[in-house]
Structure formats: structure tokens, C-alpha cells
file upload_34.cif (mmCIF, C-alpha atoms and all ligand atoms)
data_final
#
loop_
_atom_site.group_PDB
_atom_site.id
_atom_site.type_symbol
_atom_site.label_atom_id
_atom_site.label_comp_id
_atom_site.auth_asym_id
_atom_site.auth_seq_id
_atom_site.Cartn_x
_atom_site.Cartn_y
_atom_site.Cartn_z
ATOM 1 C CA MET A 1 -4.306 -21.533 -2.539
ATOM 2 C CA PHE A 2 -3.221 -18.261 -0.965
ATOM 3 C CA ASP A 3 -3.585 -19.609 2.546
ATOM 4 C CA LEU A 4 -2.259 -16.923 4.882
ATOM 5 C CA SER A 5 -3.247 -18.550 8.159
ATOM 6 C CA SER A 6 -0.595 -18.175 10.889
ATOM 7 C CA LYS A 7 0.880 -15.197 9.024
ATOM 8 C CA VAL A 8 1.085 -11.666 10.379
ATOM 9 C CA ALA A 9 0.525 -8.762 8.004
ATOM 10 C CA PHE A 10 0.999 -5.042 8.615
ATOM 11 C CA VAL A 11 -0.933 -2.666 6.344
ATOM 12 C CA THR A 12 -0.653 1.122 6.367
ATOM 13 C CA GLY A 13 -3.758 3.230 5.712
ATOM 14 C CA GLY A 14 -6.271 0.431 6.221
ATOM 15 C CA SER A 15 -9.342 2.317 7.401
ATOM 16 C CA ARG A 16 -10.750 3.011 3.954
ATOM 17 C CA GLY A 17 -10.412 2.572 0.207
ATOM 18 C CA ILE A 18 -7.821 0.220 -1.209
ATOM 19 C CA GLY A 19 -6.113 -0.271 2.168
ATOM 20 C CA ARG A 20 -9.363 -1.395 3.746
ATOM 21 C CA ALA A 21 -9.983 -3.883 0.938
ATOM 22 C CA ILE A 22 -6.437 -5.208 1.396
ATOM 23 C CA VAL A 23 -6.973 -5.648 5.146
ATOM 24 C CA GLU A 24 -10.233 -7.504 4.536
ATOM 25 C CA ALA A 25 -8.812 -9.722 1.790
ATOM 26 C CA LEU A 26 -5.684 -10.670 3.783
ATOM 27 C CA ALA A 27 -7.819 -11.441 6.852
ATOM 28 C CA GLU A 28 -10.192 -13.586 4.760
ATOM 29 C CA GLN A 29 -7.214 -15.709 3.783
ATOM 30 C CA GLY A 30 -6.434 -16.211 7.462
ATOM 31 C CA ALA A 31 -3.753 -13.610 8.175
ATOM 32 C CA HIS A 32 -3.659 -11.759 11.487
ATOM 33 C CA VAL A 33 -3.769 -8.216 10.136
ATOM 34 C CA VAL A 34 -2.498 -5.154 11.965
ATOM 35 C CA PHE A 35 -3.350 -1.960 10.137
ATOM 36 C CA THR A 36 -2.877 1.720 10.680
ATOM 37 C CA TYR A 37 -5.226 4.642 10.288
ATOM 38 C CA ALA A 38 -4.312 8.317 10.264
ATOM 39 C CA THR A 39 -7.386 9.911 11.872
ATOM 40 C CA GLN A 40 -10.493 7.798 11.210
ATOM 41 C CA VAL A 41 -10.981 5.926 14.492
ATOM 42 C CA ALA A 42 -14.653 4.988 13.901
ATOM 43 C CA GLU A 43 -13.920 3.692 10.387
ATOM 44 C CA ALA A 44 -10.941 1.691 11.664
ATOM 45 C CA GLU A 45 -13.088 0.140 14.400
ATOM 46 C CA ALA A 46 -15.740 -0.729 11.803
ATOM 47 C CA VAL A 47 -13.119 -2.501 9.684
ATOM 48 C CA CYS A 48 -11.988 -4.535 12.714
ATOM 49 C CA ALA A 49 -15.586 -5.416 13.607
ATOM 50 C CA GLY A 50 -16.386 -6.470 10.035
ATOM 51 C CA VAL A 51 -13.322 -8.697 9.864
ATOM 52 C CA ARG A 52 -14.187 -10.220 13.268
ATOM 53 C CA GLU A 53 -17.761 -10.959 12.134
ATOM 54 C CA ARG A 54 -16.355 -12.968 9.248
ATOM 55 C CA GLY A 55 -14.144 -14.941 11.627
ATOM 56 C CA GLY A 56 -10.913 -13.073 10.922
ATOM 57 C CA VAL A 57 -8.474 -11.087 13.036
ATOM 58 C CA ALA A 58 -7.664 -7.423 12.460
ATOM 59 C CA GLU A 59 -6.424 -4.774 14.835
ATOM 60 C CA ALA A 60 -6.016 -1.074 14.234
ATOM 61 C CA MET A 61 -3.495 1.459 15.472
ATOM 62 C CA GLN A 62 -3.200 5.183 14.878
ATOM 63 C CA LEU A 63 -0.146 6.262 12.899
ATOM 64 C CA ASP A 64 0.899 9.233 10.854
ATOM 65 C CA VAL A 65 3.470 7.718 8.503
ATOM 66 C CA ARG A 66 5.159 11.115 8.163
ATOM 67 C CA ASP A 67 6.600 10.329 11.591
ATOM 68 C CA VAL A 68 9.198 7.835 10.424
ATOM 69 C CA ALA A 69 10.508 7.021 13.915
ATOM 70 C CA MET A 70 6.980 6.231 15.114
ATOM 71 C CA SER A 71 6.234 4.224 11.954
ATOM 72 C CA GLU A 72 9.327 2.111 12.496
ATOM 73 C CA ALA A 73 8.433 1.681 16.171
ATOM 74 C CA ARG A 74 4.889 0.525 15.326
ATOM 75 C CA VAL A 75 6.142 -2.085 12.860
ATOM 76 C CA THR A 76 8.879 -3.285 15.209
ATOM 77 C CA GLU A 77 6.510 -3.519 18.209
ATOM 78 C CA THR A 78 4.009 -5.500 16.146
ATOM 79 C CA ALA A 79 6.630 -8.007 15.009
ATOM 80 C CA LYS A 80 7.873 -8.410 18.603
ATOM 81 C CA ARG A 81 4.440 -8.735 20.166
ATOM 82 C CA LEU A 82 3.120 -11.241 17.623
ATOM 83 C CA GLY A 83 6.431 -13.050 17.284
ATOM 84 C CA ARG A 84 6.704 -12.597 13.525
ATOM 85 C CA LEU A 85 6.040 -10.339 10.583
ATOM 86 C CA ASP A 86 5.364 -12.005 7.270
ATOM 87 C CA VAL A 87 3.862 -9.263 5.127
ATOM 88 C CA LEU A 88 4.104 -5.480 4.901
ATOM 89 C CA VAL A 89 1.758 -3.618 2.590
ATOM 90 C CA ALA A 90 2.786 0.048 2.329
ATOM 91 C CA ASN A 91 -0.487 1.479 1.071
ATOM 92 C CA ALA A 92 -0.950 4.843 2.812
ATOM 93 C CA GLY A 93 -0.736 7.610 0.263
ATOM 94 C CA ILE A 94 -1.923 11.061 -0.660
ATOM 95 C CA ALA A 95 -2.272 13.032 -3.879
ATOM 96 C CA ARG A 96 -1.692 16.779 -3.978
ATOM 97 C CA ASP A 97 -2.680 17.718 -7.495
ATOM 98 C CA GLY A 98 -2.158 20.919 -9.433
ATOM 99 C CA LEU A 99 -0.095 22.499 -12.153
ATOM 100 C CA TRP A 100 3.571 22.188 -11.280
ATOM 101 C CA VAL A 101 4.373 25.880 -11.845
ATOM 102 C CA GLN A 102 1.784 26.745 -9.216
ATOM 103 C CA MET A 103 2.574 24.023 -6.729
ATOM 104 C CA LYS A 104 4.003 24.989 -3.374
ATOM 105 C CA ASP A 105 7.087 23.210 -2.047
ATOM 106 C CA GLU A 106 5.060 22.180 1.010
ATOM 107 C CA ALA A 107 2.717 20.126 -1.182
ATOM 108 C CA LEU A 108 5.659 18.313 -2.763
ATOM 109 C CA ASP A 109 7.313 17.774 0.625
ATOM 110 C CA GLU A 110 4.116 16.369 2.124
ATOM 111 C CA THR A 111 3.542 14.038 -0.825
ATOM 112 C CA LEU A 112 7.074 12.691 -0.596
ATOM 113 C CA ALA A 113 6.903 12.438 3.210
ATOM 114 C CA VAL A 114 3.771 10.261 3.144
ATOM 115 C CA ASN A 115 4.201 8.297 -0.063
ATOM 116 C CA VAL A 116 7.961 7.752 -0.127
ATOM 117 C CA ARG A 117 9.524 8.322 3.280
ATOM 118 C CA GLY A 118 6.530 6.836 5.105
ATOM 119 C CA SER A 119 6.520 3.692 2.967
ATOM 120 C CA LEU A 120 10.282 3.246 3.070
ATOM 121 C CA GLY A 121 10.437 3.788 6.832
ATOM 122 C CA CYS A 122 7.936 0.977 7.369
ATOM 123 C CA ALA A 123 9.879 -1.208 4.937
ATOM 124 C CA ARG A 124 13.129 -0.667 6.843
ATOM 125 C CA ALA A 125 11.512 -1.741 10.116
ATOM 126 C CA ALA A 126 9.775 -4.721 8.469
ATOM 127 C CA LEU A 127 12.985 -5.946 6.878
ATOM 128 C CA ARG A 128 14.682 -6.590 10.223
ATOM 129 C CA PRO A 129 12.384 -9.395 11.449
ATOM 130 C CA MET A 130 11.946 -10.669 7.893
ATOM 131 C CA MET A 131 15.707 -10.967 7.383
ATOM 132 C CA LYS A 132 15.996 -12.854 10.652
ATOM 133 C CA ALA A 133 13.201 -15.214 9.623
ATOM 134 C CA ARG A 134 14.721 -15.508 6.137
ATOM 135 C CA LYS A 135 11.300 -14.947 4.676
ATOM 136 C CA GLY A 136 9.064 -11.977 4.012
ATOM 137 C CA ARG A 137 6.863 -10.106 1.598
ATOM 138 C CA ILE A 138 6.937 -6.363 1.070
ATOM 139 C CA ILE A 139 4.363 -4.828 -1.245
ATOM 140 C CA PHE A 140 4.273 -1.167 -2.177
ATOM 141 C CA VAL A 141 1.083 0.370 -3.489
ATOM 142 C CA SER A 142 2.353 2.626 -6.265
ATOM 143 C CA SER A 143 0.236 3.867 -9.199
ATOM 144 C CA VAL A 144 -0.071 3.729 -12.965
ATOM 145 C CA VAL A 145 0.684 7.443 -12.749
ATOM 146 C CA GLY A 146 4.168 6.604 -11.459
ATOM 147 C CA GLU A 147 4.768 4.652 -14.664
ATOM 148 C CA MET A 148 3.157 6.864 -17.306
ATOM 149 C CA GLY A 149 2.891 10.304 -15.678
ATOM 150 C CA ASN A 150 -0.176 12.502 -15.627
ATOM 151 C CA ALA A 151 -0.577 16.217 -16.232
ATOM 152 C CA GLY A 152 -1.425 17.906 -12.950
ATOM 153 C CA GLN A 153 0.070 15.121 -10.861
ATOM 154 C CA THR A 154 3.817 15.771 -11.031
ATOM 155 C CA ALA A 155 4.430 15.494 -7.291
ATOM 156 C CA TYR A 156 2.268 12.395 -6.968
ATOM 157 C CA ALA A 157 3.806 10.759 -10.054
ATOM 158 C CA ALA A 158 7.329 11.477 -8.773
ATOM 159 C CA SER A 159 6.488 9.886 -5.421
ATOM 160 C CA LYS A 160 4.933 6.792 -6.982
ATOM 161 C CA ALA A 161 7.817 6.395 -9.461
ATOM 162 C CA ALA A 162 10.205 6.610 -6.496
ATOM 163 C CA LEU A 163 8.468 3.586 -4.988
ATOM 164 C CA LEU A 164 9.134 1.599 -8.154
ATOM 165 C CA GLY A 165 12.869 2.377 -7.940
ATOM 166 C CA ALA A 166 12.793 1.396 -4.287
ATOM 167 C CA THR A 167 10.934 -1.836 -5.088
ATOM 168 C CA LYS A 168 13.546 -2.930 -7.605
ATOM 169 C CA SER A 169 16.483 -1.931 -5.384
ATOM 170 C CA LEU A 170 15.133 -3.604 -2.250
ATOM 171 C CA ALA A 171 14.240 -6.710 -4.255
ATOM 172 C CA ARG A 172 17.894 -7.035 -5.279
ATOM 173 C CA GLU A 173 19.215 -6.091 -1.834
ATOM 174 C CA TYR A 174 17.147 -8.645 0.164
ATOM 175 C CA ALA A 175 16.693 -11.503 -2.295
ATOM 176 C CA LYS A 176 19.468 -13.449 -0.547
ATOM 177 C CA ARG A 177 17.393 -13.287 2.631
ATOM 178 C CA ASN A 178 14.378 -14.644 0.767
ATOM 179 C CA VAL A 179 12.435 -11.424 1.244
ATOM 180 C CA THR A 180 10.490 -10.506 -1.880
ATOM 181 C CA VAL A 181 9.670 -6.908 -2.685
ATOM 182 C CA ASN A 182 7.052 -6.017 -5.274
ATOM 183 C CA ALA A 183 4.777 -3.173 -6.265
ATOM 184 C CA VAL A 184 1.252 -2.964 -7.567
ATOM 185 C CA THR A 185 0.338 -0.075 -9.837
ATOM 186 C CA PRO A 186 -3.420 0.447 -9.729
ATOM 187 C CA GLY A 187 -5.118 2.431 -12.450
ATOM 188 C CA PHE A 188 -8.326 4.340 -11.776
ATOM 189 C CA VAL A 189 -9.934 2.936 -8.630
ATOM 190 C CA ASP A 190 -13.262 3.964 -7.150
ATOM 191 C CA THR A 191 -12.254 5.370 -3.726
ATOM 192 C CA ASP A 192 -12.517 8.641 -1.773
ATOM 193 C CA MET A 193 -9.253 9.752 -3.444
ATOM 194 C CA THR A 194 -10.746 9.602 -6.945
ATOM 195 C CA ARG A 195 -14.304 10.616 -5.982
ATOM 196 C CA GLU A 196 -12.891 14.075 -5.199
ATOM 197 C CA LEU A 197 -11.703 14.566 -8.805
ATOM 198 C CA PRO A 198 -13.689 16.937 -11.053
ATOM 199 C CA GLN A 199 -16.071 15.113 -13.443
ATOM 200 C CA PRO A 200 -14.243 16.174 -16.665
ATOM 201 C CA VAL A 201 -10.999 14.721 -15.260
ATOM 202 C CA LYS A 202 -12.803 11.493 -14.349
ATOM 203 C CA ASP A 203 -14.360 11.261 -17.824
ATOM 204 C CA ALA A 204 -10.983 11.765 -19.495
ATOM 205 C CA MET A 205 -9.392 9.104 -17.288
ATOM 206 C CA LEU A 206 -12.187 6.609 -17.931
ATOM 207 C CA GLY A 207 -11.857 7.217 -21.667
ATOM 208 C CA ALA A 208 -8.297 5.923 -21.416
ATOM 209 C CA VAL A 209 -9.295 2.647 -19.744
ATOM 210 C CA PRO A 210 -9.908 -0.152 -22.279
ATOM 211 C CA LEU A 211 -12.063 -2.030 -19.761
ATOM 212 C CA GLY A 212 -14.201 1.124 -19.691
ATOM 213 C CA ARG A 213 -14.732 1.338 -15.944
ATOM 214 C CA THR A 214 -12.994 2.058 -12.672
ATOM 215 C CA ALA A 215 -11.576 -0.774 -10.573
ATOM 216 C CA THR A 216 -13.110 -1.704 -7.270
ATOM 217 C CA ALA A 217 -10.755 -1.604 -4.297
ATOM 218 C CA ARG A 218 -11.247 -5.345 -4.049
ATOM 219 C CA GLU A 219 -9.793 -5.766 -7.549
ATOM 220 C CA ILE A 220 -6.567 -4.195 -6.286
ATOM 221 C CA ALA A 221 -6.575 -6.189 -3.043
ATOM 222 C CA THR A 222 -6.704 -9.581 -4.744
ATOM 223 C CA PRO A 223 -3.363 -9.218 -6.586
ATOM 224 C CA VAL A 224 -1.880 -7.951 -3.319
ATOM 225 C CA VAL A 225 -3.010 -11.171 -1.616
ATOM 226 C CA PHE A 226 -1.275 -13.134 -4.364
ATOM 227 C CA LEU A 227 1.985 -11.212 -3.867
ATOM 228 C CA ALA A 228 1.699 -11.784 -0.104
ATOM 229 C CA SER A 229 1.229 -15.511 -0.505
ATOM 230 C CA ASP A 230 3.677 -18.424 -0.533
ATOM 231 C CA GLU A 231 2.603 -19.032 -4.127
ATOM 232 C CA ALA A 232 4.363 -15.809 -5.185
ATOM 233 C CA SER A 233 7.736 -17.089 -3.955
ATOM 234 C CA TYR A 234 9.558 -16.488 -7.267
ATOM 235 C CA VAL A 235 8.117 -13.033 -7.902
ATOM 236 C CA THR A 236 10.381 -10.214 -6.766
ATOM 237 C CA GLY A 237 11.198 -6.754 -8.114
ATOM 238 C CA ALA A 238 7.993 -6.959 -10.121
ATOM 239 C CA VAL A 239 5.556 -4.208 -10.927
ATOM 240 C CA LEU A 240 2.121 -5.752 -11.143
ATOM 241 C CA ARG A 241 -0.108 -3.545 -13.279
ATOM 242 C CA VAL A 242 -3.762 -3.542 -12.264
ATOM 243 C CA ASN A 243 -5.036 -0.834 -14.546
ATOM 244 C CA GLY A 244 -7.805 -2.198 -16.789
ATOM 245 C CA GLY A 245 -5.495 -1.994 -19.786
ATOM 246 C CA MET A 246 -4.718 1.726 -19.371
ATOM 247 C CA LEU A 247 -0.994 1.022 -19.706
ATOM 248 C CA THR A 248 0.298 -2.238 -21.129
HETATM 249 P P1 LIG A 301 -7.745 6.983 0.228
HETATM 250 O O1 LIG A 301 -7.514 8.447 0.265
HETATM 251 O O2 LIG A 301 -9.132 6.458 0.282
HETATM 252 O O3 LIG A 301 -6.879 6.229 1.344
HETATM 253 C C1 LIG A 301 -5.569 6.633 1.632
HETATM 254 C C2 LIG A 301 -5.173 6.003 2.936
HETATM 255 O O4 LIG A 301 -3.888 6.525 3.319
HETATM 256 C C3 LIG A 301 -6.149 6.333 4.053
HETATM 257 O O5 LIG A 301 -6.354 5.185 4.844
HETATM 258 C C4 LIG A 301 -5.422 7.392 4.835
HETATM 259 O O6 LIG A 301 -5.758 7.393 6.226
HETATM 260 C C5 LIG A 301 -3.975 6.976 4.654
HETATM 261 N N1 LIG A 301 -3.070 8.095 4.884
HETATM 262 C C6 LIG A 301 -3.029 9.269 4.226
HETATM 263 N N2 LIG A 301 -2.104 10.077 4.794
HETATM 264 C C7 LIG A 301 -1.555 9.375 5.817
HETATM 265 C C8 LIG A 301 -0.553 9.654 6.767
HETATM 266 N N3 LIG A 301 0.088 10.830 6.814
HETATM 267 N N4 LIG A 301 -0.235 8.706 7.682
HETATM 268 C C9 LIG A 301 -0.879 7.523 7.667
HETATM 269 N N5 LIG A 301 -1.843 7.185 6.790
HETATM 270 C C10 LIG A 301 -2.176 8.122 5.880
HETATM 271 O O7 LIG A 301 -7.027 6.504 -1.101
HETATM 272 P P2 LIG A 301 -7.009 5.118 -1.883
HETATM 273 O O8 LIG A 301 -7.538 5.407 -3.220
HETATM 274 O O9 LIG A 301 -7.565 4.008 -1.078
HETATM 275 O O10 LIG A 301 -5.420 4.949 -2.032
HETATM 276 C C11 LIG A 301 -4.661 3.966 -1.376
HETATM 277 C C12 LIG A 301 -3.327 3.883 -2.080
HETATM 278 O O11 LIG A 301 -3.539 3.515 -3.448
HETATM 279 C C13 LIG A 301 -2.571 5.204 -2.113
HETATM 280 O O12 LIG A 301 -1.196 4.983 -1.945
HETATM 281 C C14 LIG A 301 -2.857 5.722 -3.512
HETATM 282 O O13 LIG A 301 -1.866 6.583 -3.963
HETATM 283 C C15 LIG A 301 -2.902 4.430 -4.289
HETATM 284 N N6 LIG A 301 -3.608 4.502 -5.566
HETATM 285 C C16 LIG A 301 -4.920 4.864 -5.619
HETATM 286 C C17 LIG A 301 -5.542 4.934 -6.862
HETATM 287 C C18 LIG A 301 -6.990 5.314 -7.022
HETATM 288 O O14 LIG A 301 -7.446 5.457 -8.165
HETATM 289 N N7 LIG A 301 -7.752 5.473 -5.956
HETATM 290 C C19 LIG A 301 -4.829 4.627 -8.020
HETATM 291 C C20 LIG A 301 -3.502 4.249 -7.917
HETATM 292 C C21 LIG A 301 -2.905 4.190 -6.680
#
call {"tool": "encode", "arguments": {"input": "upload_34.cif", "output": "C-alpha cells"}}
result
Amino acid sequence: MFDLSSKVAFVTGGSRGIGRAIVEALAEQGAHVVFTYATQVAEAEAVCAGVRERGGVAEAMQLDVRDVAMSEARVTETAKRLGRLDVLVANAGIARDGLWVQMKDEALDETLAVNVRGSLGCARAALRPMMKARKGRIIFVSSVVGEMGNAGQTAYAASKAALLGATKSLAREYAKRNVTVNAVTPGFVDTDMTRELPQPVKDAMLGAVPLGRTATAREIATPVVFLASDEASYVTGAVLRVNGGMLT
């Protein structure tokens, strides 16, 4: 089950956190994984080395997804060089938190540029080879916050909700080409992004999780592997909640 050997996957933001776990999990299932990192060269190299040690294949390339032309070029080059592109996981994301009345336009613009425009740019480039092959898997990493909102996260929530609209639209638009498009909406995951949150905020968030704990990045990566697999062939336009029961 979930055999990804001979498949090529492209993952954005794979040097740490959830993206890293996704890279590792896809590679474990046999995929040739190409992932991007924004600035963390040493971490990206460590991910590649770790995957290699376990007999997998992963390669890293620098990319700032705010540069849509470059993002599209990276995806297109990868598909050309490796002769196929089976899976895109648009994971790279940022959170710029704060009360909305105090938030600067730049923070909103940056959040939308990374989370929405960056993800959708990669999706546009990935769709071309996938349409030709009449097969493909696009997975957006959204958030529970995009579904239920969160005080202090208006910009982030708006960006993650936008990805859900995009997921459903692209799923309808490319179903005829047998390209499935789905989203995962993680809840509270133990990564650098959440470690930076003040303790009272963390406590309040944990109090809202029926499973009573944060998720590991691996627990988000596993459902992504499922969505990337042949076994998920009839799942499209879906929002897969991985939130410990926070929102049902
Ligand atoms: P993280 O901060 O550890 O990792 C974010 C990744 O995005 C990093 O690899 C970073 O290099 C990359 N990135 C950021 N800006 C970029 C840019 N301009 N260009 C290219 N790459 C860029 O965060 P994480 O917790 O691993 O989050 C991964 C994804 O999961 C994000 O989309 C995030 O919104 C989402 N998410 C996280 C949580 C959580 O609790 N941690 C919950 C729900 C959703």
C-alpha cells in the first residue's frame, strides 16, 4: 500500500517542520522527492543525507515562493529533467500574527504572497505536466485556522481559507484530466512555527484539542502520503482534517 516508487514529488518548504516530515515520508514510500528551502542550506542538506541513509532519494533547491516566475520555473525544470511530475505538495507557509486593527498591509501582503500566490504558482506549473500525463496529485497544506478562524490570525486564516477555495475549484477544473487536488488542514503541530507562540496561547490551543496534545509533523505527513498515493484515486476536492478533534 502507498507504494510511490517511480513517482516524482515536488515539496515546497521541505527543510524543516511539516515539510521535512512530508519529504521523509514520501521518500520512504519510494518517491524521488525534490524539495525547496528558503534559506536553510545546512538543514536542507541534512534532510537529503538522512533520506539517502535510509535508501531514499531527495534533492533540495533554494526557492523563495514569493517569486512566482521562479517557482513555476523550478517546478517545470524538475518535471522536464526527471521526465514526470506525479505529486506536488504546496507546504511552504508563514504566519504573521497580531490584532487586525494593528496589522500592517505589508504583513498581509507577505502572508498572501507566500501562502496563496506561492502555492498557486507552483500548482499552475505542476498542472501542465500532470495534464499531459493525465494523472497527478496536488496537495495543499492549509490549516484548521482556515476553517474555523482564530483571533489574532486574520491574515493567516484568510490565506489558508483561500487555499481551500482553490482546492475545490482546481479539483473541479482538472478532474477530467485525472488530476486530484486536495488539502490537509493540520491542527496544532509541534514545529518551529508553533514553538514561537507565547505559552498562554499554546495552553489555550491545547485546551481545545480533544486528543489533549499537539500533533507530530509525522502525523501530518502520513495523510499527505495517502493523498499522494494511487489508493487515493477517488478523493478530490477534499479537505482532510488532521486536528486531534479540534474541529469536527
Ligand atoms: P515552519 O515554519 O517550521 O516551516 C515553514 C516552511 O515554509 C519552512 O520550510 C520555510 O523555509 C518555508 N517557507 C517560508 N517562507 C517561504 C518562502 N517565502 N519561500 C519558500 N519557502 C518558505 O512551519 P510548519 O509548522 O512546518 O508549517 C508548514 C506548513 O503547515 C505551513 O503552510 C503552515 O501554515 C502549515 N500549518 C502548520 C501548523 C502548525 O501547527 N505548525 C498548523 C496548521 C498548518
call {"tool": "closest_atom_pairs", "arguments": {"input": "upload_34.cif", "of": "chain A", "to": "ligand LIG 301 (chain A)", "cutoff": "7 Å", "atoms": "only C-alpha atoms and all ligand atoms", "output": "CSV"}}
result
residue,atom,partner,partner_atom,distance
A:Thr12,CA,A:LIG301,N5,6.2
A:Gly13,CA,A:LIG301,O5,3.4
A:Gly14,CA,A:LIG301,O5,5.0
A:Ser15,CA,A:LIG301,O5,4.9
A:Arg16,CA,A:LIG301,O5,5.0
A:Gly17,CA,A:LIG301,O9,3.4
A:Ile18,CA,A:LIG301,O9,3.8
A:Gly19,CA,A:LIG301,O9,5.6
A:Thr36,CA,A:LIG301,N5,6.8
A:Tyr37,CA,A:LIG301,O6,4.9
A:Ala38,CA,A:LIG301,C9,4.4
A:Thr39,CA,A:LIG301,O6,6.4
A:Gln40,CA,A:LIG301,O6,6.9
A:Leu63,CA,A:LIG301,C9,5.4
A:Asp64,CA,A:LIG301,N4,3.4
A:Val65,CA,A:LIG301,N4,3.9
A:Arg66,CA,A:LIG301,N3,5.3
A:Asn91,CA,A:LIG301,O12,4.7
A:Ala92,CA,A:LIG301,O4,3.4
A:Gly93,CA,A:LIG301,O12,3.5
A:Ile94,CA,A:LIG301,C6,5.3
A:Ala95,CA,A:LIG301,O13,6.5
A:Val114,CA,A:LIG301,N3,5.2
A:Asn115,CA,A:LIG301,O12,6.6
A:Val141,CA,A:LIG301,O12,5.4
A:Ser142,CA,A:LIG301,C21,5.5
A:Ser143,CA,A:LIG301,C20,4.0
A:Val144,CA,A:LIG301,C20,6.1
A:Thr185,CA,A:LIG301,C20,6.1
A:Pro186,CA,A:LIG301,C20,4.2
A:Gly187,CA,A:LIG301,C19,5.0
A:Phe188,CA,A:LIG301,O14,3.9
A:Val189,CA,A:LIG301,O14,3.6
A:Asp190,CA,A:LIG301,N7,5.8
A:Thr191,CA,A:LIG301,O8,4.7
A:Asp192,CA,A:LIG301,O2,4.5
A:Met193,CA,A:LIG301,O1,4.3
A:Thr194,CA,A:LIG301,N7,5.2
call {"tool": "atom_distance", "arguments": {"input": "upload_34.cif", "atom1": "atom CA of A:Arg241", "atom2": "atom CA of A:Arg54"}}
result
29.3 Å
call {"tool": "resolve_selection", "arguments": {"input": "upload_34.cif", "expression": "the PyMOL selection byres (((chain A and resi 228) around 9) and not hetatm)", "output": "VMD selection string"}}
result
chain A and resid 2 4 9 26 86 to 89 136 to 139 223 to 227 229 to 233
call {"tool": "closest_residue", "arguments": {"input": "upload_34.cif", "among": "A:Asn243, A:Thr154, A:Thr180, A:Thr76", "to": "A:Leu206", "atoms": "all atoms listed in the file"}}
result
A:Asn243
call {"tool": "resolve_selection", "arguments": {"input": "upload_34.cif", "expression": "the PyMOL selection byres (((chain A and resi 165-176) around 12) and not hetatm)", "output": "number ranges by chain"}}
result
A: 90, 115-117, 119-121, 123-124, 126-128, 130-132, 134-142, 146-147, 158-164, 177-185, 233-240
call {"tool": "atom_distance", "arguments": {"input": "upload_34.cif", "atom1": "atom CA of A:Glu219", "atom2": "atom CA of A:Thr111"}}
result
24.8 Å
call {"tool": "closest_residue", "arguments": {"input": "upload_34.cif", "among": "A:Met148, A:Ala155, A:Cys122, A:Met246", "to": "A:Leu108", "atoms": "only C-alpha atoms"}}
result
A:Ala155
call {"tool": "atom_distance", "arguments": {"input": "upload_34.cif", "atom1": "atom CA of A:Glu106", "atom2": "atom CA of A:Ala151"}}
result
19.1 Å
call {"tool": "residues_near_point", "arguments": {"input": "upload_34.cif", "point": "(1.0, -11.4, 9.4)", "cutoff": "8 Å", "atoms": "all atoms listed in the file", "output": "ChimeraX atom specification"}}
result
/A:4,6-10,31-34,84-87
call {"tool": "closest_residue", "arguments": {"input": "upload_34.cif", "among": "A:Val11, A:Ala125, A:Ala46, A:Val242", "to": "A:Ala73", "atoms": "all atoms listed in the file"}}
result
A:Ala125
